[in-house]
file entry_6.cif (mmCIF, C-alpha atoms)
data_data
#
loop_
_atom_site.label_atom_id
_atom_site.label_comp_id
_atom_site.auth_asym_id
_atom_site.auth_seq_id
_atom_site.Cartn_x
_atom_site.Cartn_y
_atom_site.Cartn_z
CA MET S 27 -20.78 38.11 9.89
CA GLU S 28 -20.68 41.90 10.53
CA CYS S 29 -24.22 41.96 11.78
CA PHE S 30 -23.47 39.11 14.20
CA LEU S 31 -20.46 41.06 15.50
CA ALA S 32 -22.59 44.15 16.13
CA PHE S 33 -25.14 41.99 17.88
CA TYR S 34 -22.56 40.43 20.17
CA PHE S 35 -20.81 43.75 20.93
CA GLU S 36 -24.08 45.00 22.30
CA GLN S 37 -24.53 41.86 24.32
CA LEU S 38 -21.00 42.20 25.75
CA SER S 39 -21.69 45.66 27.17
CA TYR S 40 -24.60 44.14 29.06
CA LEU S 41 -22.46 41.32 30.33
CA THR S 42 -19.97 43.55 32.15
CA PRO S 43 -22.08 45.52 34.61
CA ASP S 44 -19.23 46.08 37.13
CA GLY S 45 -18.62 49.78 36.44
CA ASN S 46 -15.71 49.19 34.06
CA ILE S 47 -17.59 49.89 30.90
CA PHE S 48 -16.60 47.37 28.28
CA SER S 49 -15.85 49.43 25.24
CA THR S 50 -15.87 47.83 21.85
CA ALA S 51 -13.79 50.76 20.55
CA TYR S 52 -10.64 49.21 22.02
CA LEU S 53 -11.15 45.79 20.56
CA THR S 54 -9.38 44.69 17.44
CA LEU S 55 -11.50 42.55 15.18
CA SER S 56 -9.64 39.34 16.08
CA THR S 57 -9.92 39.98 19.83
CA ALA S 58 -13.58 40.67 19.38
CA LYS S 59 -13.96 37.46 17.45
CA SER S 60 -12.18 35.37 20.07
CA ILE S 61 -14.23 36.87 22.91
CA ILE S 62 -17.38 36.27 21.00
CA ARG S 63 -16.40 32.68 20.32
CA LYS S 64 -15.46 32.06 23.91
CA TYR S 65 -18.78 33.26 25.30
CA PHE S 66 -21.26 32.45 22.58
CA VAL S 67 -19.96 29.59 20.54
CA MET S 68 -21.75 27.07 22.72
CA GLU S 69 -25.08 28.85 22.31
CA HIS S 70 -24.86 29.40 18.59
CA LYS S 71 -22.72 26.53 17.42
CA GLU S 72 -24.25 26.45 13.97
CA PHE S 73 -22.84 29.90 13.13
CA PHE S 74 -19.26 28.76 13.63
CA THR S 75 -19.04 25.07 12.92
CA MET S 76 -20.10 22.62 10.25
CA LYS S 77 -20.51 18.90 10.00
CA ILE S 78 -18.19 16.87 7.80
CA THR S 79 -17.30 13.18 7.58
CA VAL S 80 -13.69 12.12 8.07
CA ASN S 81 -12.82 8.49 7.33
CA GLU S 82 -16.52 7.64 7.58
CA LYS S 83 -16.85 9.16 11.08
CA PRO S 84 -18.91 12.33 11.64
CA ARG S 85 -16.88 15.31 12.81
CA GLU S 86 -17.44 19.01 13.49
CA CYS S 87 -14.98 21.58 12.34
CA ASP S 88 -14.75 25.36 12.03
CA ARG S 89 -16.79 26.86 9.24
CA ASP S 90 -13.74 28.15 7.39
CA CYS S 91 -11.73 24.96 7.94
CA SER S 92 -9.27 24.03 5.20
CA ILE S 93 -7.91 20.56 4.52
CA GLU S 94 -4.61 21.71 6.01
CA ASP S 95 -6.36 22.89 9.22
CA LEU S 96 -8.07 19.52 9.48
CA LEU S 97 -4.80 17.62 8.98
CA SER S 98 -2.97 19.63 11.62
CA LYS S 99 -5.90 19.19 14.02
CA ILE S 100 -5.78 15.40 13.74
CA GLY S 101 -1.98 15.30 13.70
CA ALA S 102 -1.40 14.08 10.14
CA ALA S 103 1.66 15.25 8.21
CA PRO S 104 0.40 16.72 4.90
CA ASP S 105 3.24 15.15 2.90
CA ARG S 106 2.48 11.67 4.24
CA VAL S 107 -1.21 11.45 3.47
CA ALA S 108 -3.36 11.20 0.39
CA ILE S 109 -6.80 12.78 0.39
CA VAL S 110 -10.05 11.74 -1.23
CA LEU S 111 -12.60 14.55 -1.12
CA ASN S 112 -16.11 13.39 -2.06
CA ASP S 113 -14.72 10.50 -4.16
CA ASP S 114 -12.12 12.68 -5.97
CA VAL S 115 -8.44 12.05 -5.40
CA LEU S 116 -6.85 15.39 -4.42
CA SER S 117 -3.38 15.88 -5.76
CA PRO S 118 -0.93 17.17 -3.09
CA LYS S 119 -0.56 20.42 -5.04
CA ARG S 120 -4.25 21.23 -4.63
CA ILE S 121 -4.41 20.48 -0.89
CA PRO S 122 -3.35 23.97 0.34
CA TYR S 123 -6.14 25.60 -1.68
CA VAL S 124 -9.08 23.50 -0.62
CA VAL S 125 -11.55 24.84 1.94
CA LEU S 126 -14.14 22.39 3.18
CA LYS S 127 -17.90 22.77 2.89
CA GLU S 128 -20.77 21.51 5.04
CA GLY S 129 -21.34 17.80 4.43
CA ASP S 130 -17.98 17.12 2.75
CA ARG S 131 -16.70 13.56 2.94
CA VAL S 132 -12.95 13.39 3.50
CA GLU S 133 -10.88 10.22 3.37
CA ILE S 134 -7.36 10.49 4.74
CA LEU S 135 -5.04 7.65 3.76
CA THR S 136 -1.48 6.82 4.56
CA LEU S 137 1.05 4.11 3.79
CA ALA S 138 1.14 1.04 5.99
CA ALA S 139 2.97 -2.25 6.12
CA GLY S 140 1.58 -4.88 3.77
CA GLY S 141 2.47 -7.73 1.46
CA MET R 6 24.23 -8.74 -16.06
CA ASP R 7 21.16 -10.86 -15.32
CA THR R 8 18.46 -8.41 -14.27
CA LEU R 9 14.74 -8.49 -13.69
CA ALA R 10 13.14 -6.00 -16.09
CA LEU R 11 9.77 -4.52 -15.19
CA GLY R 12 8.77 -1.69 -17.51
CA ALA R 13 11.79 0.58 -17.73
CA TYR R 14 13.02 -0.58 -14.31
CA LYS R 15 15.81 -3.12 -13.88
CA PHE R 16 16.47 -4.95 -10.63
CA GLU R 17 19.42 -7.12 -9.70
CA SER R 18 17.46 -8.71 -6.86
CA ARG R 19 14.74 -11.17 -7.75
CA LEU R 20 13.42 -11.24 -4.20
CA ILE R 21 10.52 -8.82 -3.89
CA MET R 22 9.66 -8.38 -0.25
CA GLY R 23 6.41 -7.67 1.52
CA THR R 24 6.50 -5.45 4.61
CA GLY R 25 3.49 -6.85 6.49
CA LYS R 26 3.29 -8.92 9.68
CA PHE R 27 6.71 -7.92 11.08
CA SER R 28 6.82 -7.45 14.85
CA ASP R 29 8.24 -3.94 14.41
CA THR R 30 9.54 -1.57 11.76
CA ARG R 31 13.17 -2.02 12.80
CA THR R 32 13.04 -5.80 12.19
CA MET R 33 11.31 -5.24 8.87
CA LEU R 34 13.99 -2.80 7.70
CA ALA R 35 16.74 -5.19 8.82
CA ALA R 36 15.11 -8.00 6.84
CA ILE R 37 14.89 -5.84 3.70
CA GLU R 38 18.55 -5.00 4.15
CA SER R 39 19.73 -8.59 4.52
CA ALA R 40 17.48 -9.76 1.67
CA GLY R 41 19.07 -7.17 -0.58
CA ALA R 42 15.54 -6.47 -1.81
CA GLN R 43 15.12 -3.52 -4.16
CA LEU R 44 11.38 -3.69 -4.68
CA VAL R 45 9.12 -3.83 -1.61
CA THR R 46 5.36 -3.78 -1.22
CA VAL R 47 3.39 -1.43 1.00
CA ALA R 48 -0.31 -1.11 1.71
CA LEU R 49 -2.68 1.83 1.97
CA ARG R 50 -4.63 2.42 5.16
CA ARG R 51 -6.92 5.05 6.62
CA PHE R 52 -5.01 7.51 8.76
CA ASN R 53 -5.31 6.43 12.37
CA ARG R 54 -5.18 9.24 14.88
CA GLU R 55 -4.39 6.87 17.72
CA ARG R 56 -1.34 5.46 15.97
CA PRO R 57 0.27 8.32 14.07
CA ALA R 58 3.71 7.29 15.30
CA ASP R 59 4.22 4.14 13.27
CA ASP R 60 5.66 5.99 10.32
CA LEU R 61 6.49 3.37 7.75
CA ALA R 62 6.77 5.67 4.77
CA GLY R 63 9.62 7.72 6.25
CA PRO R 64 12.42 5.13 6.31
CA LEU R 65 11.22 3.36 3.15
CA LEU R 66 10.98 6.52 1.06
CA ALA R 67 14.31 7.73 2.45
CA ASN R 68 16.10 4.60 1.21
CA LYS R 69 17.02 5.53 -2.35
CA ARG R 70 17.89 1.93 -3.22
CA LEU R 71 14.29 0.85 -2.70
CA THR R 72 11.40 1.12 -5.11
CA LEU R 73 7.97 0.88 -3.52
CA MET R 74 5.18 -1.22 -4.93
CA PRO R 75 1.93 -0.23 -3.20
CA ASN R 76 -0.88 -2.77 -3.21
CA THR R 77 -4.62 -2.29 -3.41
CA SER R 78 -5.37 -4.60 -0.52
CA GLY R 79 -8.69 -3.69 1.06
CA ALA R 80 -10.31 -2.93 -2.28
CA ALA R 81 -13.42 -5.02 -2.87
CA ASN R 82 -13.79 -4.27 -6.57
CA ALA R 83 -12.11 -2.69 -9.58
CA ARG R 84 -13.41 0.81 -8.84
CA GLU R 85 -11.90 0.82 -5.34
CA ALA R 86 -8.65 -0.69 -6.57
CA ILE R 87 -8.31 1.98 -9.26
CA GLN R 88 -8.85 4.72 -6.70
CA ALA R 89 -6.38 3.09 -4.30
CA ALA R 90 -3.81 2.92 -7.10
CA ARG R 91 -4.14 6.61 -7.88
CA LEU R 92 -3.83 7.51 -4.19
CA ALA R 93 -0.83 5.24 -3.78
CA ARG R 94 0.90 6.90 -6.70
CA GLU R 95 0.40 10.29 -5.02
CA LEU R 96 1.90 8.94 -1.80
CA THR R 97 4.85 7.00 -3.14
CA GLY R 98 5.65 8.56 -6.49
CA SER R 99 6.06 4.98 -7.74
CA PRO R 100 4.47 3.77 -10.99
CA PHE R 101 4.22 0.21 -9.63
CA ILE R 102 0.89 -1.08 -8.41
CA LYS R 103 0.13 -4.54 -7.14
CA ILE R 104 -3.51 -5.19 -7.86
CA GLU R 105 -4.91 -7.26 -5.04
CA ILE R 106 -8.66 -7.69 -4.92
CA HIS R 107 -9.71 -10.49 -2.62
CA PRO R 108 -13.30 -10.28 -1.48
CA ASN R 109 -13.28 -13.30 0.82
CA PRO R 110 -11.15 -13.09 3.99
CA HIS R 111 -11.30 -16.87 4.48
CA HIS R 112 -9.23 -17.80 1.45
CA LEU R 113 -8.03 -14.38 0.19
CA LEU R 114 -8.20 -15.68 -3.36
CA PRO R 115 -8.19 -12.92 -5.97
CA ASP R 116 -11.31 -11.90 -7.92
CA PRO R 117 -10.28 -12.45 -11.55
CA ILE R 118 -13.00 -10.29 -13.12
CA GLU R 119 -12.43 -7.21 -10.98
CA THR R 120 -8.66 -7.68 -11.19
CA TYR R 121 -8.79 -7.80 -14.99
CA GLU R 122 -10.91 -4.65 -15.17
CA ALA R 123 -8.66 -2.72 -12.78
CA ALA R 124 -5.54 -3.90 -14.63
CA ARG R 125 -6.95 -2.78 -17.98
CA VAL R 126 -7.75 0.72 -16.72
CA LEU R 127 -4.53 1.21 -14.74
CA ALA R 128 -2.23 -0.07 -17.47
CA GLY R 129 -3.93 2.49 -19.73
CA GLU R 130 -3.06 5.20 -17.20
CA GLY R 131 0.62 4.31 -17.38
CA PHE R 132 0.93 2.26 -14.20
CA LEU R 133 3.31 -0.71 -14.07
CA VAL R 134 0.57 -3.15 -13.20
CA MET R 135 1.46 -6.25 -11.18
CA PRO R 136 -1.72 -8.29 -10.75
CA TYR R 137 -1.98 -10.89 -7.98
CA ILE R 138 -3.95 -13.74 -9.56
CA SER R 139 -4.93 -17.34 -9.22
CA PRO R 140 -2.67 -19.52 -11.37
CA ASP R 141 -4.96 -19.35 -14.39
CA PRO R 142 -2.94 -19.45 -17.64
CA VAL R 143 -5.81 -17.95 -19.68
CA LEU R 144 -6.24 -15.01 -17.29
CA ALA R 145 -2.46 -14.51 -17.19
CA LYS R 146 -2.42 -14.21 -20.97
CA ARG R 147 -5.35 -11.78 -20.99
CA LEU R 148 -3.60 -9.60 -18.41
CA GLU R 149 -0.45 -9.62 -20.47
CA ASP R 150 -2.51 -8.51 -23.48
CA VAL R 151 -3.92 -5.45 -21.67
CA GLY R 152 -0.41 -4.27 -20.83
CA CYS R 153 0.47 -5.61 -17.38
CA ALA R 154 4.17 -5.37 -16.48
CA SER R 155 4.10 -8.88 -14.99
CA VAL R 156 1.72 -11.51 -13.72
CA MET R 157 1.84 -12.69 -10.12
CA PRO R 158 0.15 -16.05 -9.69
CA LEU R 159 -0.12 -17.50 -6.20
CA GLY R 160 1.83 -20.57 -5.11
CA ALA R 161 -0.74 -21.24 -2.38
CA PRO R 162 -3.21 -19.06 -0.41
CA ILE R 163 -1.67 -15.94 1.22
CA GLY R 164 0.12 -16.72 4.47
CA SER R 165 -0.70 -20.45 4.27
CA GLY R 166 2.87 -21.67 3.86
CA GLN R 167 1.67 -24.54 1.68
CA GLY R 168 4.47 -24.01 -0.80
CA LEU R 169 4.17 -24.55 -4.55
CA ALA R 170 0.74 -26.17 -4.39
CA THR R 171 -0.05 -24.80 -7.86
CA ALA R 172 3.20 -25.91 -9.54
CA GLU R 173 1.64 -27.56 -12.60
CA MET R 174 -0.44 -24.48 -13.48
CA LEU R 175 2.55 -22.22 -12.85
CA LYS R 176 4.57 -24.21 -15.36
CA ILE R 177 1.99 -23.53 -18.07
CA ILE R 178 1.93 -19.81 -17.23
CA ILE R 179 5.75 -19.64 -17.31
CA ARG R 180 5.94 -21.48 -20.61
CA ASP R 181 3.47 -19.14 -22.35
CA ALA R 182 4.29 -15.78 -20.72
CA ARG R 183 6.03 -12.91 -22.45
CA VAL R 184 6.09 -10.82 -19.25
CA PRO R 185 7.90 -11.76 -16.02
CA VAL R 186 6.11 -14.36 -13.91
CA ILE R 187 6.38 -13.71 -10.19
CA VAL R 188 5.08 -16.22 -7.69
CA ASP R 189 3.33 -14.25 -4.99
CA ALA R 190 2.08 -15.87 -1.80
CA GLY R 191 2.11 -19.31 -0.21
CA LEU R 192 5.81 -20.13 0.06
CA ARG R 193 7.25 -21.22 3.40
CA ALA R 194 10.80 -22.51 2.87
CA PRO R 195 13.77 -21.25 0.85
CA SER R 196 13.91 -24.68 -0.83
CA GLU R 197 10.49 -23.96 -2.34
CA ALA R 198 11.78 -20.60 -3.55
CA ALA R 199 14.73 -22.31 -5.22
CA ALA R 200 12.34 -24.82 -6.83
CA ALA R 201 10.14 -22.03 -8.16
CA MET R 202 13.14 -20.26 -9.69
CA GLU R 203 14.42 -23.51 -11.21
CA MET R 204 10.97 -23.93 -12.74
CA GLY R 205 11.49 -20.62 -14.54
CA CYS R 206 9.85 -17.97 -12.37
CA ASP R 207 11.43 -14.56 -12.89
CA ALA R 208 11.10 -13.38 -9.30
CA LEU R 209 9.28 -14.18 -6.08
CA LEU R 210 7.31 -12.03 -3.69
CA ILE R 211 7.91 -13.23 -0.13
CA ASN R 212 6.37 -11.81 3.02
CA SER R 213 4.93 -14.17 5.64
CA ALA R 214 7.74 -16.73 5.35
CA ILE R 215 10.25 -14.04 6.32
CA ALA R 216 8.13 -12.01 8.75
CA ALA R 217 6.91 -15.05 10.71
CA ALA R 218 10.35 -16.68 11.05
CA ASN R 219 12.06 -16.65 14.44
CA ASP R 220 14.84 -14.53 12.95
CA PRO R 221 13.39 -12.56 10.02
CA PRO R 222 16.65 -10.96 8.80
CA ALA R 223 18.38 -14.36 8.75
CA MET R 224 15.44 -15.94 6.91
CA ALA R 225 15.47 -13.06 4.42
CA ALA R 226 19.13 -13.80 3.66
CA ALA R 227 18.32 -17.52 3.28
CA PHE R 228 15.57 -16.74 0.75
CA ALA R 229 17.89 -14.40 -1.15
CA LYS R 230 20.49 -17.16 -1.48
CA ALA R 231 17.90 -19.76 -2.48
CA ILE R 232 16.46 -17.48 -5.15
CA GLU R 233 19.91 -16.73 -6.48
CA ALA R 234 20.77 -20.44 -6.54
CA GLY R 235 17.50 -21.34 -8.26
CA ARG R 236 17.98 -18.63 -10.86
CA SER R 237 21.57 -19.72 -11.58
CA ALA R 238 20.38 -23.31 -11.92
CA ARG R 239 17.66 -22.28 -14.34
CA LEU R 240 20.17 -20.37 -16.49
CA ALA R 241 22.66 -23.23 -16.31
CA GLY R 242 19.99 -25.63 -17.62
CA LEU R 243 18.92 -28.63 -15.59
CA MET R 244 19.67 -32.10 -16.89
CA SER R 245 16.76 -34.09 -18.22
CA ARG R 246 14.91 -36.63 -16.13
CA ASN R 247 15.46 -40.31 -16.93
CA ASP R 248 13.42 -43.35 -15.95
CA THR R 249 16.49 -45.52 -15.60
CA ALA R 250 19.91 -45.05 -14.05
CA LEU R 251 22.70 -43.70 -16.22
CA PRO R 252 26.16 -44.44 -14.80
CA THR R 253 28.58 -41.68 -13.96
CA SER R 254 31.62 -44.01 -13.82
CA PRO R 255 32.89 -46.55 -16.36
CA LEU R 256 31.35 -49.95 -15.59
CA THR R 257 34.46 -52.06 -16.22
CA SER R 258 34.78 -55.06 -13.96
CA PHE R 259 38.37 -54.70 -12.81
CA LEU R 260 37.33 -54.56 -9.15
CA SER R 261 35.60 -57.92 -9.26
CA ALA R 262 38.61 -59.28 -11.21
CA ALA R 263 40.91 -58.11 -8.44
CA ASP R 264 38.63 -59.74 -5.85
CA GLU R 265 38.94 -63.07 -7.62
CA GLN R 266 42.72 -62.78 -7.73
CA GLY R 267 42.99 -61.98 -4.04
CA SER R 268 40.77 -64.82 -2.87
#

call {"tool": "encode", "arguments": {"input": "entry_6.cif", "output": "structure tokens"}}
result
Amino acid sequence: MECFLAFYFEQLSYLTPDGNIFSTAYLTLSTAKSIIRKYFVMEHKEFFTMKITVNEKPRECDRDCSIEDLLSKIGAAPDRVAIVLNDDVLSPKRIPYVVLKEGDRVEILTLAAGG
Amino acid sequence: MDTLALGAYKFESRLIMGTGKFSDTRTMLAAIESAGAQLVTVALRRFNRERPADDLAGPLLANKRLTLMPNTSGAANAREAIQAARLARELTGSPFIKIEIHPNPHHLLPDPIETYEAARVLAGEGFLVMPYISPDPVLAKRLEDVGCASVMPLGAPIGSGQGLATAEMLKIIIRDARVPVIVDAGLRAPSEAAAAMEMGCDALLINSAIAAANDPPAMAAAFAKAIEAGRSARLAGLMSRNDTALPTSPLTSFLSAADEQGS
């Protein structure tokens, strides 16, 4: 990741040729990251995202996406869903500790009316 | 106190209610209330992003008087049903599981082989297993032997409203069972519910007949009364059937004697 940052810092100084020299010295790491994402995420998607399957539908998510991130992104309350990760039932206690990997299959289930 | 015992649980109400097919959650909750139901079924579904608002679990889990019995509807085989049961336990905290494996949407009749296998595994894991089955007395006995908390033979196909079409088979199951027998599916009228209870069923699971009524809460109350009446009648002991009339009044002929005098 560090070498990508250095690469993009260099690129950024080229991208601001209006006299106000864009200095990386003033950037915090998170600001640098967000600028980099904003400008380059579309070009180099594979560095930042991964493909997973959610309820049998393909989906892209951030590379460091946790189950909790995914749930909040799709608007599911963590205490109202049960998760199957690659055919294993995840107990609610484990959910906060699980970070997803490329190709993971996630099933998100909830209670519904039924007889 | 006459209670329905399932595992370590005891219920005063013998009306188990399904929560499907209601026009809205409010009507469903009102029907549960007026039925006095203490055990209600729920299903498991994939989370739907478009419809996150219909939160069923909230009000049902909040009602401390209710015990939830999740079902495995949607499972096509034992493996899927076992997984659904484990997930449902995580979601509800309830040990009850209604095993429902019906591969054919046209008749929704339960697969006995997959149901037996799922019941065997889940009973071993400590679930209170409530298998939905065809009214097969041999299967019912086998399920009892692997540790099911009850057996739930169907009265008629799910949602058909054909009543106690399987009455003769149910009688055999009731006679032989050592676990509660609960008729699940097929009933339409409270009179059928009363008849099932008089026959010796321990409880009934009613969904469509209540949900599809014009006034579900009122129909729920009617079923509750019928089930109570049927149960009381069963405990009171029905008189035996006779081929000939047996008089209820003395057959002395004083009336005809009086007629003769007056004429």

call {"tool": "closest_residue", "arguments": {"input": "entry_6.cif", "among": "R:Ala93, R:Leu144, R:Ala124, R:Ala218", "to": "chain S", "atoms": "only C-alpha atoms"}}
result
R:Ala93

call {"tool": "interface_residues", "arguments": {"input": "entry_6.cif", "of": "chain R", "to": "chain S", "cutoff": "9 Å", "atoms": "only C-alpha atoms", "output": "PyMOL selection string"}}
result
chain R and resi 22-27+30+45-54+57+59-63+75-76+78+88+91-93+95-97+190+210-213

call {"tool": "atom_distance", "arguments": {"input": "entry_6.cif", "atom1": "atom CA of Arg84 of chain R", "atom2": "atom CA of Pro108 of chain R"}}
result
13.3 Å

call {"tool": "resolve_selection", "arguments": {"input": "entry_6.cif", "expression": "the PyMOL selection byres ((chain R and resi 198) around 12)", "output": "ChimeraX atom specification"}}
result
/R:19-21,160,166,168-169,172,187-197,199-211,214-215,225,227-236

call {"tool": "resolve_selection", "arguments": {"input": "entry_6.cif", "expression": "the PyMOL selection byres ((chain R and resi 121) around 10)", "output": "short mmCIF file (atom, residue, chain, number, x, y, z; two decimals) with C-alpha atoms, in the coordinates of the input"}}
result
data_model
loop_
_atom_site.label_atom_id
_atom_site.label_comp_id
_atom_site.auth_asym_id
_atom_site.auth_seq_id
_atom_site.Cartn_x
_atom_site.Cartn_y
_atom_site.Cartn_z
CA ALA R 83 -12.11 -2.69 -9.58
CA ILE R 104 -3.51 -5.19 -7.86
CA ASP R 116 -11.31 -11.90 -7.92
CA PRO R 117 -10.28 -12.45 -11.55
CA ILE R 118 -13.00 -10.29 -13.12
CA GLU R 119 -12.43 -7.21 -10.98
CA THR R 120 -8.66 -7.68 -11.19
CA GLU R 122 -10.91 -4.65 -15.17
CA ALA R 123 -8.66 -2.72 -12.78
CA ALA R 124 -5.54 -3.90 -14.63
CA ARG R 125 -6.95 -2.78 -17.98
CA VAL R 126 -7.75 0.72 -16.72
CA LEU R 127 -4.53 1.21 -14.74
CA PRO R 136 -1.72 -8.29 -10.75
CA ILE R 138 -3.95 -13.74 -9.56
CA LEU R 144 -6.24 -15.01 -17.29
CA ALA R 145 -2.46 -14.51 -17.19
CA ARG R 147 -5.35 -11.78 -20.99
CA LEU R 148 -3.60 -9.60 -18.41
CA VAL R 151 -3.92 -5.45 -21.67
CA CYS R 153 0.47 -5.61 -17.38
#

call {"tool": "resolve_selection", "arguments": {"input": "entry_6.cif", "expression": "the PyMOL selection byres ((chain R and resi 12) around 8)", "output": "count of residues only"}}
result
6

call {"tool": "residues_around", "arguments": {"input": "entry_6.cif", "residues": "Asn68 of chain R", "least_positions_apart": "2", "cutoff": "12 Å", "atoms": "all atoms listed in the file", "output": "PyMOL selection string"}}
result
chain R and resi 34+37-38+42-45+61-66+70-73

call {"tool": "residues_around", "arguments": {"input": "entry_6.cif", "residues": "Asp95 of chain S", "least_positions_apart": "6", "cutoff": "12 Å", "atoms": "only C-alpha atoms", "output": "PyMOL selection string"}}
result
chain S and resi 87-89+101-104+121-126

call {"tool": "residues_around", "arguments": {"input": "entry_6.cif", "residues": "Met6 of chain R", "least_positions_apart": "2", "cutoff": "12 Å", "atoms": "all atoms listed in the file", "output": "list in words"}}
result
Thr8, Leu9, Ala10, Lys15, Phe16, Glu17 and Ser18 of chain R

call {"tool": "write_last_selection", "arguments": {"input": "entry_6.cif", "atoms": "C-alpha atoms", "output": "compact mmCIF listing (two decimals), keeping the file's coordinate frame"}}
result
# COMPACT_ATOMS: atom_id res chain seq x y z
CA THR R 8 18.46 -8.41 -14.27
CA LEU R 9 14.74 -8.49 -13.69
CA ALA R 10 13.14 -6.00 -16.09
CA LYS R 15 15.81 -3.12 -13.88
CA PHE R 16 16.47 -4.95 -10.63
CA GLU R 17 19.42 -7.12 -9.70
CA SER R 18 17.46 -8.71 -6.86

call {"tool": "closest_residue", "arguments": {"input": "entry_6.cif", "among": "R:Ser237, R:Glu130, R:Ala35, R:Ala40", "to": "Gly152 of chain R", "atoms": "only C-alpha atoms"}}
result
R:Glu130

call {"tool": "atom_distance", "arguments": {"input": "entry_6.cif", "atom1": "atom CA of Pro140 of chain R", "atom2": "atom CA of Ala36 of chain R"}}
result
27.9 Å

call {"tool": "atom_distance", "arguments": {"input": "entry_6.cif", "atom1": "atom CA of Ile178 of chain R", "atom2": "atom CA of Arg239 of chain R"}}
result
16.2 Å

call {"tool": "residues_near_point", "arguments": {"input": "entry_6.cif", "point": "(-22.8, 17.5, 10.6)", "cutoff": "8 Å", "atoms": "only C-alpha atoms", "output": "MDAnalysis selection string"}}
result
chainID S and resid 76:79 84:86 128:129

call {"tool": "write_last_selection", "arguments": {"input": "entry_6.cif", "atoms": "C-alpha atoms", "output": "JSON list (two decimals), in the frame of the given file"}}
result
[["chain", "number", "residue", "atom", "x", "y", "z"],
["S", 76, "MET", "CA", -20.10, 22.62, 10.25],
["S", 77, "LYS", "CA", -20.51, 18.90, 10.00],
["S", 78, "ILE", "CA", -18.19, 16.87, 7.80],
["S", 79, "THR", "CA", -17.30, 13.18, 7.58],
["S", 84, "PRO", "CA", -18.91, 12.33, 11.64],
["S", 85, "ARG", "CA", -16.88, 15.31, 12.81],
["S", 86, "GLU", "CA", -17.44, 19.01, 13.49],
["S", 128, "GLU", "CA", -20.77, 21.51, 5.04],
["S", 129, "GLY", "CA", -21.34, 17.80, 4.43]]
